[in-house]
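Read the structure below first, then the notes.
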Amino acid sequence: MNHRKITDRDVRAAFLARSSGAPAVDLAERISAATASTRQSRPLISVPGFGSAATARLAWAAVLAALTLAIAGILALGVGRNPITSVIPRESPAATDKPVATSSAEPSDVPSDEPSVAPSQSASPASSPFVVAGLGPDTLGVVVATDGLRVRRLPTVGEESERLEPTLPVGVPLYVVDGPVAADGYAWYQVQPYGADEPLPFGWIAAGSRDGEPWIEQYRLGCDSVPLSPEGLASGESLEHLFCSIPSENENVPIPDPEVEGHVSCVFANVDYMISGPEWIEVDRYCEFQTEAGSFWLYGKPLTALLDEGAVDGRYLVVGHFDDPGASECRSTGGDGDAPDPAQVVLSCRTHFVVTEATPTP
Amino acid sequence: MTHPVVADRPISGADGELALVGRARSGDRHAFDRIVAARLPSAYRLARAIVGDARDAEDVTQEAFLSAWRSLPRLREPARFEAWFARILVNEARMSIRRRGRVMSVSIDTIAVRDDDRRPWDVTGAADSSIDAIAQGDALQRAIDRLTPDQRTILALHHVEERPVAEISAVLGVPVGTAKWRLHEARAALVRAMETQR
């Protein structure tokens, strides 16, 4: 055989010949069927202003949609914060096992144009703001105000603190990120609402009126009802998984890392996260734990590095944890205009299940 | 061959791909079906160019679309869907090759070529129908099979998709200079793989 010099035309012809032909006629239908039985992996932090409201059920999406003044907010927060350290909490209503409405809120200091319970500048300050006993960072609360509780970007009623929409309906559980912070006669908590059908904003809420009427209560979740089984992790509330993975101050007993066994699948893909920081946020690969109840994402090089040795698509025993220390490094990679609150980004990362051990099982 | 789904009305105007990506991103499977219909032929073609085998190419295509469906809510910029999906596809193709252990290094001095290693050579695209050209085409197919997955991928992106280097760099997630260098290296590896057959 006489070989002549290979030209680009030869190479192109070879590749075109190699790729000629059509796929099986039912390939599109097979893909469609597979799609129908595959759940989308939704990030805790989503993209603002994109997608239909009917399907964007995650509360986090709306938070981002509303957060357009993050830089100004951060600056203002730095100036205006006044953590409550000496206030003696008034007795709060008895905590409930389930998020239920226990009061009828029609505060007297609601401005006429404000169709919700909301802190007001016009009311005269009380000597000490109402705070909820037992409510602080990494605890759960629940809205008891029945007229819709206002969320603000900053812990103040000042003009610099944007009112976020929508207001929080009664019964909505809250993950408390920060607070209480005293300002304008109110005690403020930074919260992430969850579990609602519509997106609800991340931000600051007042614990109650200046008259001492509670607008939120502590929500004492029994962690026995939050199984860290594969199905529980796939279908449950990630913020409750996080809550239940943190020892309470009273117990302070280390909680063992969850172990789950089941089908794990990892792929190389361009993952378009909105966050970066810890090494386990990898943009070129991701892993899923798949169950009949749905799937959840797994992070961590002990698992993802297995892709370099071959396919990862089978049964594995996985050990990992929530609230990884690296979460504190998480930062938004979005532009300034749609950047979420940094505290929300860190909270999102704290709910990620970071794998420390992964072992294939028969 | 016309696929019934492929024959669906084209994506254009207000119902364009950007809108469909947005709807699919929110969980609209019908919108995603239309994206699949529009992109299936080219996706399969690229997968086939990389993996070679028709069945493997179908598996790669299916897995890529499924992976895209799962990950769509995490796509921050819907306008980047094309490059994003291409990257998923080529990664699936590279994984497929690795899974099947078909990778052979072209740095091996002598590569034994078995008679049954030959692939059918479709001369339709060849300008020269001479026996030498057919034989060279055959040799080229074998040489392509001996490239690494990454080398096959970048050559396929360049020669099948006819993507400019800037787009290739976006798909592969590497700087433009790196893409240029890899393309050059892949081309050189192909020549070396051909020479081992002489």
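By order in the structure tokens, chains are A, B, ...; within a chain, residues start at 1; ligands start at 1, following the order shown.
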
Compute the chain B side of the contact with chain A at 7 Å, counting only C-alpha atoms, and hand it back as a ChimeraX atom specification.
/B:3,5,22-23,25-27,33,36-37,41,44-46,48-49,52,58,62,66,69-71,73-76,84,87-88,91-92,98-99,122,125-126,132,136-137,140-141,156,159-160

Just to confirm, what's the straight-line distance from CA of Asp323 in chain A to CA of Leu228 in chain A in Å (one decimal)?
14.3 Å

Pick from A:Gly277, A:Ser120, A:His321, A:Ala234: nearest to Thr333 in chain A, with only C-alpha atoms counted?
A:Gly277

In Å, rounded to a single decimal, give me how far CA of Asp184 in chain A is from CA of Glu159 in chain A.
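A separation of 12.3 Å between them.
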
d(CA of Cys287 in chain A, CA of Arg94 in chain B) in Å
16.9 Å

For Gln151 in chain B, which residue among B:Phe65, B:Ala47, B:Arg29, B:Glu185 is the nearest when counting only C-alpha atoms?
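Among the listed residues, B:Glu185 lies closest to Gln151 in chain B.
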